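**Student:** As input, take coords_26.tsv (TSV, C-alpha atoms):
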chain	number	residue	atom	x	y	z
A	1349	MET	CA	-32.71	48.13	63.11
A	1350	GLU	CA	-29.01	47.33	62.74
A	1351	THR	CA	-27.18	50.09	60.86
A	1352	TRP	CA	-25.94	47.78	58.15
A	1353	ASP	CA	-29.50	46.57	57.53
A	1354	ALA	CA	-30.84	50.13	57.32
A	1355	ILE	CA	-28.13	51.13	54.85
A	1356	ARG	CA	-28.89	48.11	52.69
A	1357	ALA	CA	-32.68	48.51	53.01
A	1358	ARG	CA	-32.73	52.14	51.84
A	1359	ARG	CA	-33.98	52.37	48.27
A	1360	ASP	CA	-35.52	55.02	46.07
A	1361	VAL	CA	-39.30	54.93	46.26
A	1362	ARG	CA	-41.67	57.17	44.32
A	1363	GLN	CA	-45.03	55.56	45.10
A	1364	PHE	CA	-46.01	55.99	48.70
A	1365	ALA	CA	-48.75	54.42	50.82
A	1366	ASP	CA	-51.49	56.76	52.02
A	1367	ARG	CA	-50.26	56.65	55.61
A	1368	PRO	CA	-48.65	59.46	57.63
A	1369	VAL	CA	-45.24	59.15	59.28
A	1370	PRO	CA	-45.72	59.50	63.05
A	1371	PRO	CA	-44.53	62.94	64.26
A	1372	ALA	CA	-41.93	61.42	66.60
A	1373	ASP	CA	-40.44	59.43	63.72
A	1374	LEU	CA	-40.38	62.51	61.52
A	1375	ASP	CA	-38.61	64.41	64.28
A	1376	ARG	CA	-35.95	61.71	64.55
A	1377	ILE	CA	-35.42	61.78	60.79
A	1378	LEU	CA	-34.99	65.57	60.87
A	1379	ASP	CA	-32.65	65.28	63.84
A	1380	ALA	CA	-30.46	62.87	61.87
A	1381	GLY	CA	-30.15	65.50	59.15
A	1382	ARG	CA	-29.29	68.20	61.65
A	1383	ARG	CA	-26.46	66.05	63.02
A	1384	ALA	CA	-24.67	65.73	59.68
A	1385	PRO	CA	-21.13	67.08	59.36
A	1386	SER	CA	-20.41	70.11	57.18
A	1387	SER	CA	-17.49	72.24	56.10
A	1388	GLN	CA	-16.15	73.86	59.29
A	1389	ASN	CA	-19.44	72.95	60.95
A	1390	THR	CA	-21.22	75.73	59.05
A	1391	GLN	CA	-24.46	73.66	58.92
A	1392	PRO	CA	-25.64	75.52	55.83
A	1393	TRP	CA	-29.10	73.99	55.91
A	1394	ASP	CA	-32.64	74.73	56.94
A	1395	PHE	CA	-35.29	72.03	56.65
A	1396	VAL	CA	-38.82	72.97	55.64
A	1397	VAL	CA	-40.98	69.92	56.30
A	1398	VAL	CA	-44.26	69.82	54.42
A	1399	THR	CA	-47.13	67.42	55.19
A	1400	GLU	CA	-50.20	69.40	54.06
A	1401	ARG	CA	-51.64	67.75	50.98
A	1402	ASP	CA	-52.30	70.97	49.05
A	1403	ARG	CA	-48.84	72.31	49.68
A	1404	LEU	CA	-47.25	68.99	48.66
A	1405	ALA	CA	-49.23	69.09	45.40
A	1406	LYS	CA	-47.88	72.57	44.61
A	1407	LEU	CA	-44.35	71.61	45.62
A	1408	ALA	CA	-44.52	68.66	43.23
A	1409	THR	CA	-44.54	71.10	40.30
A	1410	VAL	CA	-41.14	72.70	40.95
A	1411	TRP	CA	-39.38	70.15	38.76
A	1412	ARG	CA	-40.40	67.65	36.12
A	1413	GLY	CA	-38.99	64.85	38.30
A	1414	ALA	CA	-40.76	65.98	41.49
A	1415	GLY	CA	-44.22	64.56	40.77
A	1416	HIS	CA	-43.91	61.95	43.52
A	1417	VAL	CA	-43.70	64.74	46.12
A	1418	ALA	CA	-47.50	65.09	45.78
A	1419	GLY	CA	-48.09	61.59	47.15
A	1420	SER	CA	-45.44	61.63	49.86
A	1421	ALA	CA	-46.36	61.51	53.53
A	1422	ALA	CA	-43.93	64.35	54.14
A	1423	THR	CA	-41.31	66.13	52.08
A	1424	VAL	CA	-38.22	67.76	53.54
A	1425	ALA	CA	-37.02	70.74	51.52
A	1426	LEU	CA	-33.29	71.37	51.97
A	1427	VAL	CA	-32.78	75.13	51.91
A	1428	ALA	CA	-29.37	76.84	52.05
A	1429	PRO	CA	-27.86	80.31	51.67
A	1430	VAL	CA	-27.21	81.23	48.03
A	1431	PRO	CA	-23.48	80.48	47.94
A	1432	ALA	CA	-20.74	82.91	46.99
A	1433	GLU	CA	-19.08	82.37	43.61
A	1434	GLY	CA	-17.21	79.07	43.62
A	1435	ARG	CA	-18.73	77.79	46.89
A	1436	ARG	CA	-21.78	76.06	45.46
A	1437	GLY	CA	-20.07	72.66	45.32
A	1438	GLN	CA	-19.18	72.77	48.98
A	1439	VAL	CA	-22.71	73.71	50.05
A	1440	MET	CA	-24.21	71.02	47.83
A	1441	PHE	CA	-21.82	68.41	49.26
A	1442	ASP	CA	-22.96	69.35	52.76
A	1443	LEU	CA	-26.63	69.18	51.73
A	1444	GLY	CA	-25.91	65.72	50.32
A	1445	GLN	CA	-24.51	64.63	53.66
A	1446	ALA	CA	-27.58	65.91	55.51
A	1447	ALA	CA	-29.87	64.27	52.94
A	1448	MET	CA	-28.19	60.89	53.31
A	1449	SER	CA	-28.22	61.06	57.10
A	1450	LEU	CA	-31.95	61.65	57.19
A	1451	GLN	CA	-32.63	59.04	54.52
A	1452	ILE	CA	-30.75	56.35	56.48
A	1453	ALA	CA	-32.57	57.36	59.68
A	1454	ALA	CA	-35.82	57.08	57.70
A	1455	ALA	CA	-34.96	53.62	56.34
A	1456	ASP	CA	-34.28	52.51	59.90
A	1457	LEU	CA	-37.93	53.37	60.65
A	1458	GLY	CA	-39.28	51.69	57.51
A	1459	VAL	CA	-39.72	55.05	55.79
A	1460	ALA	CA	-38.60	55.27	52.17
A	1461	SER	CA	-37.38	58.31	50.26
A	1462	GLY	CA	-36.66	59.40	46.71
A	1463	HIS	CA	-34.87	62.71	46.32
A	1464	SER	CA	-35.74	65.27	43.68
A	1465	ALA	CA	-33.96	68.28	42.25
A	1466	VAL	CA	-35.62	71.70	42.16
A	1467	GLY	CA	-35.97	73.52	38.86
A	1468	ASP	CA	-38.21	76.51	39.52
A	1469	GLN	CA	-36.70	78.33	42.50
A	1470	GLU	CA	-39.27	81.12	42.41
A	1471	LEU	CA	-42.13	78.66	42.66
A	1472	ALA	CA	-40.34	76.78	45.47
A	1473	ARG	CA	-39.89	80.10	47.28
A	1474	GLU	CA	-43.58	80.93	46.83
A	1475	VAL	CA	-44.69	77.56	48.24
A	1476	LEU	CA	-42.14	77.35	51.05
A	1477	GLY	CA	-41.66	81.01	51.94
A	1478	PHE	CA	-37.86	80.99	52.30
A	1479	PRO	CA	-36.02	84.35	52.05
A	1480	GLU	CA	-34.51	85.83	48.89
A	1481	ASP	CA	-30.95	85.03	49.98
A	1482	ARG	CA	-31.69	81.27	50.12
A	1483	PHE	CA	-32.30	78.58	47.55
A	1484	CYS	CA	-33.84	75.13	47.75
A	1485	GLY	CA	-31.15	72.58	46.87
A	1486	TYR	CA	-33.18	69.39	46.91
A	1487	LEU	CA	-36.45	67.85	48.05
A	1488	ILE	CA	-36.53	64.62	50.07
A	1489	PRO	CA	-40.01	63.07	49.83
A	1490	LEU	CA	-40.68	60.49	52.55
A	1491	GLY	CA	-43.30	57.82	53.10
A	1492	TYR	CA	-44.01	54.14	53.41
A	1493	PRO	CA	-43.58	52.30	50.12
A	1494	ALA	CA	-46.82	51.57	48.26
A	1495	ASP	CA	-45.47	48.15	47.28
A	1496	ARG	CA	-43.23	46.06	49.54
A	1497	PRO	CA	-41.68	47.20	52.84
A	1498	LEU	CA	-37.99	48.08	53.01
A	1499	ARG	CA	-35.78	45.05	53.44
A	1500	PRO	CA	-32.00	44.71	53.07
A	1501	ILE	CA	-31.11	44.37	49.38
A	1502	GLU	CA	-28.39	41.86	48.62
A	1503	ARG	CA	-27.64	42.99	45.08
A	1504	PRO	CA	-28.38	46.67	44.62
A	1505	ASP	CA	-28.69	48.22	41.17
A	1506	ARG	CA	-25.23	49.73	41.38
A	1507	ARG	CA	-21.85	49.49	39.66
A	1508	ALA	CA	-19.82	46.54	40.96
A	1509	ALA	CA	-17.50	47.17	43.90
A	1510	ALA	CA	-14.55	46.02	41.81
A	1511	ASP	CA	-15.36	48.76	39.30
A	1512	VAL	CA	-15.87	51.52	41.86
A	1513	VAL	CA	-13.05	50.82	44.33
A	1514	HIS	CA	-9.37	51.39	43.51
A	1515	ARG	CA	-6.69	50.25	45.94
A	1516	GLU	CA	-3.94	52.74	46.81
A	1517	ARG	CA	-3.99	54.23	43.32
A	1518	TRP	CA	-6.40	54.44	40.36
B	1463	MET	CA	-25.08	48.78	66.39
B	1464	GLU	CA	-28.56	50.27	66.16
B	1465	THR	CA	-28.84	52.78	63.32
B	1466	TRP	CA	-29.91	55.61	65.57
B	1467	ASP	CA	-26.91	54.99	67.83
B	1468	ALA	CA	-24.50	54.97	64.87
B	1469	ILE	CA	-25.94	58.23	63.53
B	1470	ARG	CA	-25.60	59.85	66.95
B	1471	ALA	CA	-22.14	58.38	67.59
B	1472	ARG	CA	-20.58	59.68	64.37
B	1473	ARG	CA	-18.39	62.67	65.04
B	1474	ASP	CA	-15.54	64.43	63.28
B	1475	VAL	CA	-12.20	63.04	64.42
B	1476	ARG	CA	-8.79	64.26	63.28
B	1477	GLN	CA	-6.49	62.37	65.63
B	1478	PHE	CA	-6.48	58.67	64.95
B	1479	ALA	CA	-5.09	55.71	66.89
B	1480	ASP	CA	-2.21	53.83	65.26
B	1481	ARG	CA	-4.38	50.81	64.47
B	1482	PRO	CA	-5.52	49.60	61.04
B	1483	VAL	CA	-9.17	49.10	60.09
B	1484	PRO	CA	-9.69	45.39	59.33
B	1485	PRO	CA	-10.02	44.83	55.56
B	1486	ALA	CA	-13.52	43.34	55.90
B	1487	ASP	CA	-14.69	46.43	57.80
B	1488	LEU	CA	-13.13	48.71	55.20
B	1489	ASP	CA	-14.92	46.76	52.48
B	1490	ARG	CA	-18.24	47.20	54.23
B	1491	ILE	CA	-17.65	50.94	54.60
B	1492	LEU	CA	-16.86	51.22	50.89
B	1493	ASP	CA	-19.91	49.13	50.05
B	1494	ALA	CA	-22.09	51.55	51.99
B	1495	GLY	CA	-20.76	54.38	49.83
B	1496	ARG	CA	-21.40	52.44	46.65
B	1497	ARG	CA	-25.05	51.91	47.67
B	1498	ALA	CA	-25.81	55.63	47.98
B	1499	PRO	CA	-28.50	57.14	45.75
B	1500	SER	CA	-27.57	59.61	43.02
B	1501	SER	CA	-29.22	61.69	40.33
B	1502	GLN	CA	-30.83	59.20	37.93
B	1503	ASN	CA	-28.61	56.53	39.47
B	1504	THR	CA	-25.57	57.91	37.64
B	1505	GLN	CA	-23.27	56.88	40.52
B	1506	PRO	CA	-20.73	59.56	39.57
B	1507	TRP	CA	-18.09	58.28	42.00
B	1508	ASP	CA	-14.97	56.22	42.15
B	1509	PHE	CA	-13.34	55.51	45.51
B	1510	VAL	CA	-9.56	55.39	45.76
B	1511	VAL	CA	-8.76	53.91	49.15
B	1512	VAL	CA	-5.28	54.62	50.47
B	1513	THR	CA	-3.66	52.84	53.43
B	1514	GLU	CA	0.06	53.07	52.62
B	1515	ARG	CA	1.70	55.44	55.08
B	1516	ASP	CA	3.88	57.23	52.51
B	1517	ARG	CA	0.98	57.82	50.17
B	1518	LEU	CA	-1.22	59.09	53.01
B	1519	ALA	CA	1.52	61.55	53.97
B	1520	LYS	CA	1.65	62.91	50.42
B	1521	LEU	CA	-2.14	63.03	50.17
B	1522	ALA	CA	-2.25	65.08	53.39
B	1523	THR	CA	-0.62	67.98	51.52
B	1524	VAL	CA	-3.37	68.55	48.94
B	1525	TRP	CA	-5.16	71.02	51.20
B	1526	ARG	CA	-4.29	73.05	54.28
B	1527	GLY	CA	-7.07	71.26	56.16
B	1528	ALA	CA	-6.01	67.76	55.11
B	1529	GLY	CA	-3.12	67.24	57.56
B	1530	HIS	CA	-5.01	64.58	59.52
B	1531	VAL	CA	-5.05	62.35	56.41
B	1532	ALA	CA	-1.42	61.50	57.20
B	1533	GLY	CA	-2.37	59.79	60.46
B	1534	SER	CA	-5.52	58.08	59.26
B	1535	ALA	CA	-5.77	54.30	59.09
B	1536	ALA	CA	-7.24	54.66	55.60
B	1537	THR	CA	-8.46	57.55	53.49
B	1538	VAL	CA	-11.15	57.25	50.86
B	1539	ALA	CA	-10.73	59.74	48.00
B	1540	LEU	CA	-14.04	60.54	46.28
B	1541	VAL	CA	-13.29	60.96	42.58
B	1542	ALA	CA	-15.87	62.01	39.97
B	1543	PRO	CA	-16.02	63.07	36.33
B	1544	VAL	CA	-15.29	66.76	35.82
B	1545	PRO	CA	-18.88	68.00	35.50
B	1546	ALA	CA	-20.30	69.93	32.57
B	1547	GLU	CA	-21.02	73.62	33.15
B	1548	GLY	CA	-23.77	74.01	35.73
B	1549	ARG	CA	-23.72	70.36	36.86
B	1550	ARG	CA	-21.11	70.62	39.59
B	1551	GLY	CA	-23.68	71.10	42.34
B	1552	GLN	CA	-25.50	67.92	41.41
B	1553	VAL	CA	-22.31	65.84	41.37
B	1554	MET	CA	-21.18	67.29	44.69
B	1555	PHE	CA	-24.57	66.55	46.26
B	1556	ASP	CA	-24.23	62.93	45.14
B	1557	LEU	CA	-20.67	62.73	46.51
B	1558	GLY	CA	-22.03	64.10	49.79
B	1559	GLN	CA	-24.61	61.32	49.91
B	1560	ALA	CA	-21.94	58.66	49.28
B	1561	ALA	CA	-19.66	60.27	51.88
B	1562	MET	CA	-22.36	60.25	54.55
B	1563	SER	CA	-23.34	56.67	53.80
B	1564	LEU	CA	-19.80	55.42	54.30
B	1565	GLN	CA	-19.27	57.58	57.38
B	1566	ILE	CA	-22.38	56.16	59.08
B	1567	ALA	CA	-21.31	52.62	58.15
B	1568	ALA	CA	-17.91	53.44	59.64
B	1569	ALA	CA	-19.38	54.80	62.88
B	1570	ASP	CA	-21.37	51.58	63.19
B	1571	LEU	CA	-18.00	49.77	63.30
B	1572	GLY	CA	-16.43	52.22	65.76
B	1573	VAL	CA	-14.46	53.88	62.96
B	1574	ALA	CA	-14.39	57.69	62.99
B	1575	SER	CA	-14.00	60.07	60.07
B	1576	GLY	CA	-13.28	63.72	59.38
B	1577	HIS	CA	-13.75	64.87	55.81
B	1578	SER	CA	-11.40	67.25	54.03
B	1579	ALA	CA	-11.66	69.33	50.88
B	1580	VAL	CA	-9.03	69.08	48.14
B	1581	GLY	CA	-7.21	72.22	47.01
B	1582	ASP	CA	-4.42	71.05	44.73
B	1583	GLN	CA	-6.05	68.83	42.11
B	1584	GLU	CA	-2.81	68.25	40.21
B	1585	LEU	CA	-1.07	66.95	43.32
B	1586	ALA	CA	-4.08	64.76	44.16
B	1587	ARG	CA	-3.94	63.39	40.62
B	1588	GLU	CA	-0.21	62.68	40.93
B	1589	VAL	CA	-0.67	60.80	44.23
B	1590	LEU	CA	-3.87	58.94	43.28
B	1591	GLY	CA	-3.38	58.46	39.54
B	1592	PHE	CA	-6.92	59.34	38.42
B	1593	PRO	CA	-7.46	60.36	34.77
B	1594	GLU	CA	-7.46	63.91	33.41
B	1595	ASP	CA	-11.24	63.95	32.99
B	1596	ARG	CA	-11.80	63.37	36.74
B	1597	PHE	CA	-11.38	65.45	39.87
B	1598	CYS	CA	-11.13	64.58	43.53
B	1599	GLY	CA	-14.13	66.10	45.31
B	1600	TYR	CA	-13.32	65.24	48.90
B	1601	LEU	CA	-11.17	63.02	51.12
B	1602	ILE	CA	-12.70	60.89	53.88
B	1603	PRO	CA	-9.98	59.93	56.38
B	1604	LEU	CA	-10.95	56.99	58.58
B	1605	GLY	CA	-9.59	55.46	61.77
B	1606	TYR	CA	-10.21	54.73	65.42
B	1607	PRO	CA	-10.25	57.88	67.54
B	1608	ALA	CA	-7.02	58.57	69.43
B	1609	ASP	CA	-9.03	59.71	72.44
B	1610	ARG	CA	-12.36	58.16	73.43
B	1611	PRO	CA	-14.34	55.61	71.40
B	1612	LEU	CA	-17.45	56.66	69.49
B	1613	ARG	CA	-20.56	56.77	71.68
B	1614	PRO	CA	-23.97	58.31	70.99
B	1615	ILE	CA	-23.84	62.07	71.61
B	1616	GLU	CA	-26.90	63.50	73.36
B	1617	ARG	CA	-26.21	67.16	72.61
B	1618	PRO	CA	-24.24	67.55	69.41
B	1619	ASP	CA	-22.47	70.81	68.56
B	1620	ARG	CA	-25.19	71.83	66.13
B	1621	ARG	CA	-27.83	74.49	65.66
B	1622	ALA	CA	-30.98	73.72	67.68
B	1623	ALA	CA	-33.71	71.72	65.95
B	1624	ALA	CA	-36.16	74.58	66.55
B	1625	ASP	CA	-33.84	76.86	64.57
B	1626	VAL	CA	-33.24	74.44	61.69
B	1627	VAL	CA	-36.70	72.95	61.18
B	1628	HIS	CA	-39.61	74.92	59.73
B	1629	ARG	CA	-43.11	73.41	59.67
B	1630	GLU	CA	-45.06	73.62	56.40
B	1631	ARG	CA	-43.52	77.00	55.55
B	1632	TRP	CA	-40.45	79.04	56.49
Turn the structure described in the file into structure tokens.

**Tutor:**
Amino acid sequence: METWDAIRARRDVRQFADRPVPPADLDRILDAGRRAPSSQNTQPWDFVVVTERDRLAKLATVWRGAGHVAGSAATVALVAPVPAEGRRGQVMFDLGQAAMSLQIAAADLGVASGHSAVGDQELAREVLGFPEDRFCGYLIPLGYPADRPLRPIERPDRRAAADVVHRERW
Amino acid sequence: METWDAIRARRDVRQFADRPVPPADLDRILDAGRRAPSSQNTQPWDFVVVTERDRLAKLATVWRGAGHVAGSAATVALVAPVPAEGRRGQVMFDLGQAAMSLQIAAADLGVASGHSAVGDQELAREVLGFPEDRFCGYLIPLGYPADRPLRPIERPDRRAAADVVHRERW
């Protein structure tokens, strides 16, 4: 798909079709995340990709807004080192870049996403098995939309460009 | 360009050609940022886009790693509300998603980027004019590479997929 179409087709989806994402497509999506830029190329991410139904159901309980993880075809957990004091923002920015890269790669393949925060780190650690010196920043559930396929959206539910963009100075 | 090519062609560039980005291309890049997802669709971003040479030169002094802003064709400053205690990570994740969206849209148009942190918020405020209740999270300098054009990179300078990706459990 053309890049501009994939960017415009990406939308948050929380109801997924009961259909797996082919392994090769999932690998491409993960590769897109791995290629993201980061502060001094530190790449502060590990991706734990979950497709087992039981594990997805448990993972869906780590946050009140994570229920849709249970019905996803796959969920990518973004795990990073627990940052030093004052460095959390930088790590989270880099995780955001990786998340967006893999979500655009997914949209290109017709795969929708709908990111979720993580509330209960201990539960996430129990389900995913990451070490004590890491935390799970976000979950990126993936799957084909239960309703209509992804198509470029002309008028997204977003603030107007004229409101968001300032020229030369605020 | 195909999405997968744009994602693989994006690379950090800090030396830009002395050539402006056409306004329509810049608008598309900014539109890609505006379309990014965010926590509960809060869209916590404003984009101040700077193309004036003098202003770029001043903006390049807000951080020791921001020197390449001076030679960029345009720099997008990502501005957000100063977050409440404990919410900074969430806002920075959302800024990261917007940053990646506009950087992939840029790569699709042959426009390179190389993000920079912001150290001196007061100076950034003076140059960009954003209100007291906002901060500048990152700068995204844009321009055509001074050396070779963007082309898909087969082996990016990144950790190996086998190191980054964990299946079902860490």

**Student:** Skip range 1505-1510 of chain A itself and residues of its chain fewer than 5 positions away, then list as a ChimeraX atom specification all residues within 10 Å of it, counting all atoms listed in the file.

**Tutor:** /A:1359,1515 /B:1489,1492-1493,1495-1499,1503-1505,1507-1509

**Student:** Could you list, as number ranges by chain, every residue of chain A that has an atom within 6 Å of an atom of chain B, counting only C-alpha atoms?

**Tutor:** A: 1349-1351, 1394-1398, 1437, 1440-1441, 1444-1445, 1448, 1476-1478, 1512-1518

**Student:** When you count all atoms listed in the file, which of these residues is closest to Pro1429 in chain A: A:Cys1484, A:Val1466, A:Val1459, A:Leu1407?

**Tutor:**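 Checking each candidate against Pro1429 in chain A, we get A:Cys1484 as the closest.
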
**Student:** Give as a PyMOL selection string each residue that has an atom at most 7 Å from (-34.1, 81.9, 42.7) in the file, counting all atoms listed in the file.

**Tutor:** chain A and resi 1469-1470+1483

**Student:** Between A:Gly1434, A:Ala1405, A:Gly1491, A:Pro1370, which is the closest to Ala1472 in chain A once you count all atoms listed in the file?

**Tutor:**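 Comparing A:Gly1434, A:Ala1405, A:Gly1491, A:Pro1370 against Ala1472 in chain A, the winner is A:Ala1405.
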
**Student:** Can you work out the spacing between CA of Ala1432 in chain A and CA of Val1531 in chain B in Å, to one decimal?

**Tutor:**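 It comes out at 27.5 Å.
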
**Student:** From the options A:Leu1487, A:Ala1365, A:Ala1372, A:Leu1498, which residue's atoms come nearest to Gly1419 in chain A, counting only C-alpha atoms?

**Tutor:**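 The closest residue to Gly1419 in chain A is A:Ala1365.
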
**Student:** Could you pull the residues within 8 Å of Asp1366 in chain A, counting all atoms listed in the file, minus those fewer than 2 positions along the same chain, as a PDB file with C-alpha atoms, in the frame of the given file?

**Tutor:**
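Once everything was written out, this is part_23.pdb:
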ATOM      1  CA  PHE A1364     -46.010  55.990  48.700  1.00  0.00           C
ATOM      2  CA  PRO A1368     -48.650  59.460  57.630  1.00  0.00           C
ATOM      3  CA  GLY A1419     -48.090  61.590  47.150  1.00  0.00           C
ATOM      4  CA  ALA A1421     -46.360  61.510  53.530  1.00  0.00           C
ATOM      5  CA  ALA A1494     -46.820  51.570  48.260  1.00  0.00           C
TER       6      ALA A1494
END

**Student:** Mind pulling up the distance from CA of Val1430 in chain A to CA of Ala1414 in chain A?

**Tutor:** 21.4 Å

**Student:** Take CA of Val1483 in chain B and CA of Thr1523 in chain B and report the distance between them in Å, one decimal.

**Tutor:** 22.4 Å

**Student:** Restricting the calculation to only C-alpha atoms: of A:Ala1418, A:Ala1428, A:Ile1488, A:Leu1471, which residue gets closest to Gln1363 in chain A?

**Tutor:** A:Ala1418

**Student:** Leaving out Arg1362 in chain A and any residue of its chain fewer than 5 positions from it, which residues lie within 8 Å of it when counting all atoms listed in the file, given as a list in words?

**Tutor:**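 Non-adjacent residues within range: His1416, Ser1461, Gly1462 and Pro1493 of chain A.
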